[in-house]
$ cat start13.csv   # CSV, C-alpha atoms
chain,number,residue,atom,x,y,z
Z,1,ASP,CA,81.8,110.0,70.5
Z,2,ALA,CA,84.0,110.7,67.4
Z,3,GLY,CA,87.0,109.0,69.0
Z,4,VAL,CA,90.4,110.6,69.4
Z,5,ILE,CA,90.8,113.4,67.0
Z,6,GLN,CA,94.2,114.5,65.7
Z,7,SER,CA,95.1,117.4,63.5
Z,8,PRO,CA,96.5,118.0,61.0
Z,9,ARG,CA,96.5,114.6,59.3
Z,10,HIS,CA,99.5,115.6,57.2
Z,11,GLU,CA,102.1,118.2,57.8
Z,12,VAL,CA,105.0,119.1,55.5
Z,13,THR,CA,107.4,121.7,56.8
Z,14,GLU,CA,110.9,122.9,56.3
Z,15,MET,CA,113.8,122.2,58.6
Z,16,GLY,CA,114.0,124.7,61.4
Z,17,GLN,CA,110.3,125.6,61.5
Z,18,GLU,CA,108.0,125.1,64.5
Z,19,VAL,CA,105.5,122.3,64.2
Z,20,THR,CA,102.4,121.9,66.5
Z,21,LEU,CA,100.4,118.7,66.5
Z,22,ARG,CA,97.0,118.7,68.2
Z,23,CYS,CA,94.9,116.1,69.9
Z,24,LYS,CA,91.4,115.9,71.3
Z,25,PRO,CA,91.0,112.8,73.5
Z,26,ILE,CA,87.7,111.0,74.0
Z,27,SER,CA,85.4,112.8,76.4
Z,28,GLY,CA,85.7,111.5,79.9
Z,29,HIS,CA,89.1,109.8,79.3
Z,30,ASN,CA,91.7,111.1,81.8
Z,31,SER,CA,94.9,109.6,80.4
Z,32,LEU,CA,96.5,110.8,77.2
Z,33,PHE,CA,99.6,109.4,75.4
Z,34,TRP,CA,101.7,110.7,72.6
Z,35,TYR,CA,103.6,108.2,70.4
Z,36,ARG,CA,105.9,108.5,67.4
Z,37,GLN,CA,106.1,105.7,64.8
Z,38,THR,CA,108.9,105.1,62.3
Z,39,MET,CA,110.0,102.0,60.4
Z,40,MET,CA,113.3,101.9,62.2
Z,41,ARG,CA,112.2,102.5,65.7
Z,42,GLY,CA,108.6,101.2,65.8
Z,43,LEU,CA,106.0,102.8,68.1
Z,44,GLU,CA,107.7,104.8,70.7
Z,45,LEU,CA,106.0,106.4,73.7
Z,46,LEU,CA,107.0,110.0,74.0
Z,47,ILE,CA,105.0,111.3,77.0
Z,48,TYR,CA,101.8,110.6,78.9
Z,49,PHE,CA,99.4,112.6,81.0
Z,50,ASN,CA,97.0,111.7,83.8
Z,51,ASN,CA,94.3,114.3,84.6
Z,52,ASN,CA,96.2,116.8,82.4
Z,53,VAL,CA,99.4,116.4,84.4
Z,54,PRO,CA,102.5,115.1,82.6
Z,55,ILE,CA,103.5,111.9,84.4
Z,56,ASP,CA,106.4,110.6,82.4
Z,57,ASP,CA,108.2,112.4,79.6
Z,58,SER,CA,111.3,110.2,79.5
Z,59,GLY,CA,110.5,109.2,75.9
Z,60,MET,CA,110.7,112.8,74.6
Z,61,PRO,CA,113.8,112.6,72.4
Z,62,GLU,CA,115.2,116.0,73.3
Z,63,ASP,CA,114.5,119.6,74.3
Z,64,ARG,CA,113.2,120.5,70.9
Z,65,PHE,CA,110.1,118.5,71.8
Z,66,SER,CA,107.5,119.7,74.3
Z,67,ALA,CA,103.9,118.7,75.1
Z,68,LYS,CA,101.1,120.4,77.0
Z,69,MET,CA,97.6,119.5,78.1
Z,70,PRO,CA,95.9,122.7,79.2
Z,71,ASN,CA,92.6,121.0,79.8
Z,72,ALA,CA,91.0,117.6,79.7
Z,73,SER,CA,89.9,118.0,76.1
Z,74,PHE,CA,93.1,119.2,74.3
Z,75,SER,CA,96.8,118.5,74.1
Z,76,THR,CA,99.6,119.7,71.9
Z,77,LEU,CA,102.9,118.3,70.9
Z,78,LYS,CA,105.4,120.9,69.7
Z,79,ILE,CA,108.7,120.5,67.9
Z,80,GLN,CA,110.9,123.6,67.7
Z,81,PRO,CA,113.0,123.7,65.7
Z,82,SER,CA,112.0,120.7,63.5
Z,83,GLU,CA,114.6,118.5,61.8
Z,84,PRO,CA,114.4,115.9,59.0
Z,85,ARG,CA,114.9,113.1,61.5
Z,86,ASP,CA,111.6,114.1,63.2
Z,87,SER,CA,109.7,112.8,60.1
Z,88,ALA,CA,107.3,110.2,61.4
Z,89,VAL,CA,103.7,109.4,62.2
Z,90,TYR,CA,102.7,110.8,65.5
Z,91,PHE,CA,99.8,109.2,67.3
Z,92,CYS,CA,97.7,110.4,70.2
Z,93,ALA,CA,95.8,107.9,72.4
Z,94,SER,CA,93.5,108.2,75.4
Z,95,THR,CA,92.3,105.8,78.1
Z,96,LEU,CA,89.7,105.8,80.7
Z,97,ARG,CA,91.2,105.8,84.2
Z,98,GLY,CA,94.5,104.7,82.9
Z,99,GLY,CA,94.8,101.0,82.1
Z,100,THR,CA,95.6,99.2,78.9
Z,101,GLU,CA,92.5,99.7,76.7
Z,102,ALA,CA,93.6,102.7,74.7
Z,103,PHE,CA,91.9,104.4,71.8
Z,104,PHE,CA,94.2,105.9,69.1
Z,105,GLY,CA,93.7,108.8,66.8
Z,106,GLN,CA,94.4,108.5,63.0
Z,107,GLY,CA,97.8,110.0,63.5
Z,108,THR,CA,99.6,113.0,62.0
Z,109,ARG,CA,102.2,112.2,59.3
Z,110,LEU,CA,105.0,114.7,59.6
Z,111,THR,CA,107.5,115.3,56.9
Z,112,VAL,CA,110.4,117.7,57.6
Z,113,VAL,CA,112.3,118.6,54.5
U,1,LEU,CA,105.0,96.9,82.2
U,2,ALA,CA,106.3,93.4,81.9
U,3,LYS,CA,108.5,92.8,78.9
U,4,THR,CA,106.9,90.8,76.1
U,5,THR,CA,108.4,88.7,73.3
U,6,GLN,CA,106.6,87.7,70.1
U,7,PRO,CA,107.6,86.6,66.6
U,8,ILE,CA,108.6,89.4,64.2
U,9,SER,CA,106.5,88.1,61.4
U,10,MET,CA,104.1,85.3,60.3
U,11,ASP,CA,102.6,84.3,57.0
U,12,SER,CA,99.3,82.6,56.4
U,13,TYR,CA,96.7,81.9,53.7
U,14,GLU,CA,93.1,82.9,53.6
U,15,GLY,CA,90.8,80.6,55.5
U,16,GLN,CA,93.5,79.3,57.9
U,17,GLU,CA,93.6,79.7,61.6
U,18,VAL,CA,96.5,81.8,62.8
U,19,ASN,CA,98.0,81.6,66.3
U,20,ILE,CA,100.4,84.3,67.5
U,21,THR,CA,102.1,83.5,70.8
U,22,CYS,CA,103.5,86.1,73.2
U,23,SER,CA,105.9,85.4,76.0
U,24,HIS,CA,105.8,87.4,79.2
U,25,ASN,CA,107.8,85.6,81.8
U,26,ASN,CA,107.7,88.4,84.3
U,27,ILE,CA,104.0,89.0,84.4
U,28,ALA,CA,102.8,90.3,87.7
U,29,THR,CA,99.7,89.2,89.7
U,30,ASN,CA,97.6,92.2,88.8
U,31,ASP,CA,98.6,92.3,85.1
U,32,TYR,CA,96.3,91.7,82.3
U,33,ILE,CA,97.2,90.7,78.8
U,34,THR,CA,96.1,93.0,76.0
U,35,TRP,CA,96.4,92.6,72.2
U,36,TYR,CA,96.2,95.4,69.6
U,37,GLN,CA,96.0,95.3,65.9
U,38,GLN,CA,97.4,97.9,63.6
U,39,PHE,CA,96.6,98.3,59.9
U,40,PRO,CA,98.9,100.4,57.6
U,41,SER,CA,98.3,104.1,58.0
U,42,GLN,CA,96.1,103.7,61.1
U,43,GLY,CA,96.7,103.8,64.8
U,44,PRO,CA,96.6,100.5,66.8
U,45,ARG,CA,93.2,99.2,67.7
U,46,PHE,CA,92.4,97.2,70.9
U,47,ILE,CA,91.1,93.8,70.0
U,48,ILE,CA,91.1,91.6,73.1
U,49,GLN,CA,92.1,91.5,76.8
U,50,GLY,CA,92.3,88.7,79.3
U,51,TYR,CA,93.6,87.6,82.7
U,52,LYS,CA,93.5,83.8,82.6
U,53,THR,CA,92.1,80.8,80.7
U,54,LYS,CA,90.2,81.8,77.6
U,55,VAL,CA,88.5,84.9,76.3
U,56,THR,CA,86.6,85.1,73.0
U,57,ASN,CA,85.0,88.0,71.2
U,58,GLU,CA,83.9,88.6,67.6
U,59,VAL,CA,87.4,89.3,66.4
U,60,ALA,CA,89.6,86.7,68.2
U,61,SER,CA,90.3,84.3,71.0
U,62,LEU,CA,92.9,84.7,73.7
U,63,PHE,CA,94.3,81.6,75.4
U,64,ILE,CA,96.2,82.0,78.6
U,65,PRO,CA,97.7,79.0,80.4
U,66,ALA,CA,97.6,78.6,84.1
U,67,ASP,CA,101.1,80.0,84.7
U,68,ARG,CA,100.3,83.1,82.6
U,69,LYS,CA,103.8,83.3,81.3
U,70,SER,CA,102.6,83.3,77.8
U,71,SER,CA,99.4,83.9,75.8
U,72,THR,CA,98.2,83.0,72.3
U,73,LEU,CA,96.1,85.2,70.1
U,74,SER,CA,94.0,83.0,67.8
U,75,LEU,CA,92.4,84.4,64.6
U,76,PRO,CA,90.0,81.9,63.1
U,77,ARG,CA,89.8,81.7,59.3
U,78,VAL,CA,91.8,84.7,58.4
U,79,SER,CA,91.1,86.9,55.4
U,80,LEU,CA,93.3,89.3,53.5
U,81,SER,CA,91.9,92.1,55.6
U,82,ASP,CA,93.6,90.5,58.7
U,83,THR,CA,97.0,91.5,57.3
U,84,ALA,CA,98.3,93.8,60.0
U,85,VAL,CA,100.8,94.1,62.9
U,86,TYR,CA,99.6,92.5,66.2
U,87,TYR,CA,101.0,93.8,69.5
U,88,CYS,CA,100.9,92.0,72.8
U,89,LEU,CA,101.0,94.2,76.0
U,90,VAL,CA,101.0,93.2,79.6
U,91,GLY,CA,100.0,95.7,82.4
U,92,ASP,CA,97.8,96.5,85.3
U,93,LYS,CA,94.3,97.2,83.9
U,94,GLY,CA,93.2,99.1,87.0
U,95,ASN,CA,96.0,101.6,87.4
U,96,THR,CA,97.4,104.3,85.2
U,97,ASP,CA,100.4,102.8,83.4
U,98,LYS,CA,102.6,103.5,80.5
U,99,LEU,CA,101.5,101.7,77.3
U,100,ILE,CA,104.8,100.4,75.9
U,101,PHE,CA,104.5,98.7,72.5
U,102,GLY,CA,107.1,96.2,71.4
U,103,THR,CA,107.9,95.4,67.8
U,104,GLY,CA,104.7,93.4,67.3
U,105,THR,CA,104.1,90.5,64.9
U,106,ARG,CA,103.6,91.4,61.3
U,107,LEU,CA,101.0,89.0,59.9
U,108,GLN,CA,100.8,88.7,56.1
U,109,VAL,CA,97.8,86.8,54.7
U,110,PHE,CA,98.0,85.5,51.2
U,111,PRO,CA,95.2,84.6,48.8

$ encode --input "start13.csv" --output "structure tokens"
Amino acid sequence: DAGVIQSPRHEVTEMGQEVTLRCKPISGHNSLFWYRQTMMRGLELLIYFNNNVPIDDSGMPEDRFSAKMPNASFSTLKIQPSEPRDSAVYFCASTLRGGTEAFFGQGTRLTVV
Amino acid sequence: LAKTTQPISMDSYEGQEVNITCSHNNIATNDYITWYQQFPSQGPRFIIQGYKTKVTNEVASLFIPADRKSSTLSLPRVSLSDTAVYYCLVGDKGNTDKLIFGTGTRLQVFP
């Protein structure tokens, strides 16, 4: 398996634009996590899914953020409208049957100017 | 997940053994202790997991005392490439759970 695949690797966008980040978890994994990492706040859990169902989105910073998982092999994190303070590295991770051994993607570095 | 506390940073030199301790006073009976390693510009990577006593793999050893309220990640003979942030997590391995990462320990290895 190629591991968790995220796209794009880098995204530069202007304030106010919509941004969509994509994630393909490892085949067979049924839990998926979205994280945001900044120097100031570290690695923050935004939302996680079990069997494609959002379980806890309490980490989503505000209504501008939304995440979906339409099937077991694809998830998106959308920011609309984007703001400069959203600039960060966004990671997706998946696990098998939940648990604590997670596999992370390479991340998407988002810059909002 | 049980809350964890670990040093913010540590320095070492190549060839030395590094021990990073994590406190988890509220660990539950079903909780396992898991350590991740994160290199710059990469996502965290699972390195070791244990429940009690000692676990060893090709990367590190994990020492867990009988009361399980703390654990120590041991890296033998570190090299410059071991410079990374190391995170300690505590949670139930068998159930779906949130993976909450703390601030981690930033290890800097010098020549």

$ residues_around --input "start13.csv" --residues "range 55-66 of chain U" --least-positions-apart "4" --cutoff "12 Å" --atoms "only C-alpha atoms" --output "PyMOL selection string"
chain U and resi 17-24+27+32-37+45-51+70-79+82+86+88

$ closest_atom_pairs --input "start13.csv" --of "chain Z" --to "chain U" --cutoff "9 Å" --atoms "only C-alpha atoms" --output "JSON lines"
{"residue": "Z:Ser31", "atom": "CA", "partner": "U:Thr96", "partner_atom": "CA", "distance": 7.6}
{"residue": "Z:Phe33", "atom": "CA", "partner": "U:Leu99", "partner_atom": "CA", "distance": 8.2}
{"residue": "Z:Arg41", "atom": "CA", "partner": "U:Thr103", "partner_atom": "CA", "distance": 8.6}
{"residue": "Z:Gly42", "atom": "CA", "partner": "U:Thr103", "partner_atom": "CA", "distance": 6.2}
{"residue": "Z:Leu43", "atom": "CA", "partner": "U:Phe101", "partner_atom": "CA", "distance": 6.2}
{"residue": "Z:Glu44", "atom": "CA", "partner": "U:Phe101", "partner_atom": "CA", "distance": 7.1}
{"residue": "Z:Leu45", "atom": "CA", "partner": "U:Ile100", "partner_atom": "CA", "distance": 6.5}
{"residue": "Z:Ile47", "atom": "CA", "partner": "U:Lys98", "partner_atom": "CA", "distance": 8.9}
{"residue": "Z:Tyr48", "atom": "CA", "partner": "U:Lys98", "partner_atom": "CA", "distance": 7.3}
{"residue": "Z:Asn50", "atom": "CA", "partner": "U:Thr96", "partner_atom": "CA", "distance": 7.5}
{"residue": "Z:Asp56", "atom": "CA", "partner": "U:Lys98", "partner_atom": "CA", "distance": 8.3}
{"residue": "Z:Val89", "atom": "CA", "partner": "U:Ser41", "partner_atom": "CA", "distance": 8.7}
{"residue": "Z:Phe91", "atom": "CA", "partner": "U:Gly43", "partner_atom": "CA", "distance": 6.7}
{"residue": "Z:Cys92", "atom": "CA", "partner": "U:Gly43", "partner_atom": "CA", "distance": 8.6}
{"residue": "Z:Ala93", "atom": "CA", "partner": "U:Gly43", "partner_atom": "CA", "distance": 8.7}
{"residue": "Z:Thr95", "atom": "CA", "partner": "U:Thr96", "partner_atom": "CA", "distance": 8.9}
{"residue": "Z:Arg97", "atom": "CA", "partner": "U:Thr96", "partner_atom": "CA", "distance": 6.5}
{"residue": "Z:Gly98", "atom": "CA", "partner": "U:Thr96", "partner_atom": "CA", "distance": 3.7}
{"residue": "Z:Gly99", "atom": "CA", "partner": "U:Lys93", "partner_atom": "CA", "distance": 4.2}
{"residue": "Z:Thr100", "atom": "CA", "partner": "U:Lys93", "partner_atom": "CA", "distance": 5.5}
{"residue": "Z:Glu101", "atom": "CA", "partner": "U:Phe46", "partner_atom": "CA", "distance": 6.3}
{"residue": "Z:Ala102", "atom": "CA", "partner": "U:Phe46", "partner_atom": "CA", "distance": 6.8}
{"residue": "Z:Phe103", "atom": "CA", "partner": "U:Arg45", "partner_atom": "CA", "distance": 6.7}
{"residue": "Z:Phe104", "atom": "CA", "partner": "U:Gly43", "partner_atom": "CA", "distance": 5.4}
{"residue": "Z:Gly105", "atom": "CA", "partner": "U:Gly43", "partner_atom": "CA", "distance": 6.2}
{"residue": "Z:Gln106", "atom": "CA", "partner": "U:Gln42", "partner_atom": "CA", "distance": 5.4}
{"residue": "Z:Gly107", "atom": "CA", "partner": "U:Gly43", "partner_atom": "CA", "distance": 6.4}

$ residues_around --input "start13.csv" --residues "Thr108 in chain Z" --least-positions-apart "6" --cutoff "8 Å" --atoms "only C-alpha atoms" --output "PyMOL selection string"
chain Z and resi 6-11+21+89-91

$ closest_residue --input "start13.csv" --among "U:Gln38, U:Thr105, U:Asn30, U:Asn25" --to "Lys3 in chain U" --atoms "only C-alpha atoms"
U:Asn25

$ closest_residue --input "start13.csv" --among "U:Lys54, U:Arg68, U:Ser9, U:Glu14" --to "Asn26 in chain U" --atoms "all atoms listed in the file"
U:Arg68

$ closest_residue --input "start13.csv" --among "Z:Ser73, Z:Ser87, Z:Thr38, Z:Asn30" --to "Val53 in chain Z" --atoms "all atoms listed in the file"
Z:Asn30

$ closest_residue --input "start13.csv" --among "Z:Ile26, Z:Met39, Z:Ala2, Z:Met15" --to "Phe74 in chain Z" --atoms "all atoms listed in the file"
Z:Ile26

$ closest_residue --input "start13.csv" --among "U:Ala84, U:Gln16, U:Thr5, U:Lys69" --to "Ala28 in chain U" --atoms "all atoms listed in the file"
U:Lys69

$ build_atoms --input "start13.csv" --residues "range 14-25 of chain Z" --atoms "all heavy atoms" --output "PDB file, keeping the file's coordinate frame"
ATOM      1  N   GLU Z  14     109.492 122.824  56.544  1.00  0.00           N
ATOM      2  CA  GLU Z  14     110.900 122.900  56.300  1.00  0.00           C
ATOM      3  C   GLU Z  14     111.706 122.825  57.597  1.00  0.00           C
ATOM      4  O   GLU Z  14     111.225 123.265  58.654  1.00  0.00           O
ATOM      5  CB  GLU Z  14     111.242 124.241  55.596  1.00  0.00           C
ATOM      6  CG  GLU Z  14     110.699 124.315  54.184  1.00  0.00           C
ATOM      7  CD  GLU Z  14     111.133 125.586  53.476  1.00  0.00           C
ATOM      8  OE1 GLU Z  14     111.636 126.505  54.155  1.00  0.00           O
ATOM      9  OE2 GLU Z  14     110.985 125.652  52.242  1.00  0.00           O
ATOM     10  N   MET Z  15     112.876 122.292  57.479  1.00  0.00           N
ATOM     11  CA  MET Z  15     113.800 122.200  58.600  1.00  0.00           C
ATOM     12  C   MET Z  15     113.915 123.531  59.308  1.00  0.00           C
ATOM     13  O   MET Z  15     114.078 124.563  58.648  1.00  0.00           O
ATOM     14  CB  MET Z  15     115.137 121.678  58.159  1.00  0.00           C
ATOM     15  CG  MET Z  15     116.149 121.483  59.247  1.00  0.00           C
ATOM     16  SD  MET Z  15     117.659 120.723  58.624  1.00  0.00           S
ATOM     17  CE  MET Z  15     118.208 121.968  57.493  1.00  0.00           C
ATOM     18  N   GLY Z  16     113.838 123.511  60.637  1.00  0.00           N
ATOM     19  CA  GLY Z  16     114.000 124.700  61.400  1.00  0.00           C
ATOM     20  C   GLY Z  16     112.666 125.386  61.790  1.00  0.00           C
ATOM     21  O   GLY Z  16     112.638 126.234  62.683  1.00  0.00           O
ATOM     22  N   GLN Z  17     111.599 124.989  61.152  1.00  0.00           N
ATOM     23  CA  GLN Z  17     110.300 125.600  61.500  1.00  0.00           C
ATOM     24  C   GLN Z  17     109.689 124.896  62.698  1.00  0.00           C
ATOM     25  O   GLN Z  17     110.036 123.762  63.070  1.00  0.00           O
ATOM     26  CB  GLN Z  17     109.336 125.377  60.277  1.00  0.00           C
ATOM     27  CG  GLN Z  17     109.759 126.120  59.023  1.00  0.00           C
ATOM     28  CD  GLN Z  17     109.779 127.618  59.250  1.00  0.00           C
ATOM     29  OE1 GLN Z  17     108.804 128.218  59.694  1.00  0.00           O
ATOM     30  NE2 GLN Z  17     110.916 128.239  58.961  1.00  0.00           N
ATOM     31  N   GLU Z  18     108.784 125.615  63.319  1.00  0.00           N
ATOM     32  CA  GLU Z  18     108.000 125.100  64.500  1.00  0.00           C
ATOM     33  C   GLU Z  18     106.857 124.287  63.961  1.00  0.00           C
ATOM     34  O   GLU Z  18     106.169 124.709  63.023  1.00  0.00           O
ATOM     35  CB  GLU Z  18     107.578 126.217  65.364  1.00  0.00           C
ATOM     36  CG  GLU Z  18     106.736 125.765  66.546  1.00  0.00           C
ATOM     37  CD  GLU Z  18     106.300 126.920  67.420  1.00  0.00           C
ATOM     38  OE1 GLU Z  18     107.160 127.550  68.053  1.00  0.00           O
ATOM     39  OE2 GLU Z  18     105.080 127.199  67.465  1.00  0.00           O
ATOM     40  N   VAL Z  19     106.625 123.158  64.603  1.00  0.00           N
ATOM     41  CA  VAL Z  19     105.500 122.300  64.200  1.00  0.00           C
ATOM     42  C   VAL Z  19     104.657 122.050  65.482  1.00  0.00           C
ATOM     43  O   VAL Z  19     105.203 121.744  66.546  1.00  0.00           O
ATOM     44  CB  VAL Z  19     105.984 120.940  63.682  1.00  0.00           C
ATOM     45  CG1 VAL Z  19     104.812 120.012  63.432  1.00  0.00           C
ATOM     46  CG2 VAL Z  19     106.795 121.144  62.415  1.00  0.00           C
ATOM     47  N   THR Z  20     103.352 122.185  65.347  1.00  0.00           N
ATOM     48  CA  THR Z  20     102.400 121.900  66.500  1.00  0.00           C
ATOM     49  C   THR Z  20     101.415 120.876  66.042  1.00  0.00           C
ATOM     50  O   THR Z  20     100.681 121.091  65.073  1.00  0.00           O
ATOM     51  CB  THR Z  20     101.743 123.180  66.939  1.00  0.00           C
ATOM     52  OG1 THR Z  20     102.716 124.117  67.394  1.00  0.00           O
ATOM     53  CG2 THR Z  20     100.800 122.863  68.096  1.00  0.00           C
ATOM     54  N   LEU Z  21     101.386 119.787  66.760  1.00  0.00           N
ATOM     55  CA  LEU Z  21     100.400 118.700  66.500  1.00  0.00           C
ATOM     56  C   LEU Z  21      99.363 118.794  67.619  1.00  0.00           C
ATOM     57  O   LEU Z  21      99.690 119.054  68.782  1.00  0.00           O
ATOM     58  CB  LEU Z  21     101.094 117.348  66.523  1.00  0.00           C
ATOM     59  CG  LEU Z  21     102.355 117.211  65.668  1.00  0.00           C
ATOM     60  CD1 LEU Z  21     102.895 115.796  65.757  1.00  0.00           C
ATOM     61  CD2 LEU Z  21     102.098 117.619  64.242  1.00  0.00           C
ATOM     62  N   ARG Z  22      98.120 118.504  67.248  1.00  0.00           N
ATOM     63  CA  ARG Z  22      97.000 118.700  68.200  1.00  0.00           C
ATOM     64  C   ARG Z  22      96.234 117.395  68.380  1.00  0.00           C
ATOM     65  O   ARG Z  22      96.150 116.569  67.466  1.00  0.00           O
ATOM     66  CB  ARG Z  22      96.084 119.786  67.684  1.00  0.00           C
ATOM     67  CG  ARG Z  22      96.741 121.139  67.614  1.00  0.00           C
ATOM     68  CD  ARG Z  22      95.883 122.185  66.928  1.00  0.00           C
ATOM     69  NE  ARG Z  22      96.502 123.506  66.973  1.00  0.00           N
ATOM     70  CZ  ARG Z  22      97.475 123.908  66.168  1.00  0.00           C
ATOM     71  NH1 ARG Z  22      97.945 123.090  65.227  1.00  0.00           N
ATOM     72  NH2 ARG Z  22      97.970 125.117  66.287  1.00  0.00           N
ATOM     73  N   CYS Z  23      95.675 117.269  69.583  1.00  0.00           N
ATOM     74  CA  CYS Z  23      94.900 116.100  69.900  1.00  0.00           C
ATOM     75  C   CYS Z  23      93.749 116.388  70.804  1.00  0.00           C
ATOM     76  O   CYS Z  23      93.899 117.117  71.793  1.00  0.00           O
ATOM     77  CB  CYS Z  23      95.839 115.040  70.592  1.00  0.00           C
ATOM     78  SG  CYS Z  23      94.976 113.552  71.167  1.00  0.00           S
ATOM     79  N   LYS Z  24      92.616 115.809  70.453  1.00  0.00           N
ATOM     80  CA  LYS Z  24      91.400 115.900  71.300  1.00  0.00           C
ATOM     81  C   LYS Z  24      91.090 114.489  71.750  1.00  0.00           C
ATOM     82  O   LYS Z  24      90.685 113.661  70.928  1.00  0.00           O
ATOM     83  CB  LYS Z  24      90.267 116.521  70.541  1.00  0.00           C
ATOM     84  CG  LYS Z  24      88.997 116.688  71.361  1.00  0.00           C
ATOM     85  CD  LYS Z  24      87.880 117.279  70.521  1.00  0.00           C
ATOM     86  CE  LYS Z  24      86.653 117.615  71.341  1.00  0.00           C
ATOM     87  NZ  LYS Z  24      86.136 116.460  72.111  1.00  0.00           N
ATOM     88  N   PRO Z  25      91.242 114.186  73.038  1.00  0.00           N
ATOM     89  CA  PRO Z  25      91.000 112.800  73.500  1.00  0.00           C
ATOM     90  C   PRO Z  25      89.453 112.577  73.566  1.00  0.00           C
ATOM     91  O   PRO Z  25      88.648 113.488  73.418  1.00  0.00           O
ATOM     92  CB  PRO Z  25      91.572 112.799  74.897  1.00  0.00           C
ATOM     93  CG  PRO Z  25      91.503 114.215  75.363  1.00  0.00           C
ATOM     94  CD  PRO Z  25      91.699 115.054  74.134  1.00  0.00           C
TER      95      PRO Z  25
END
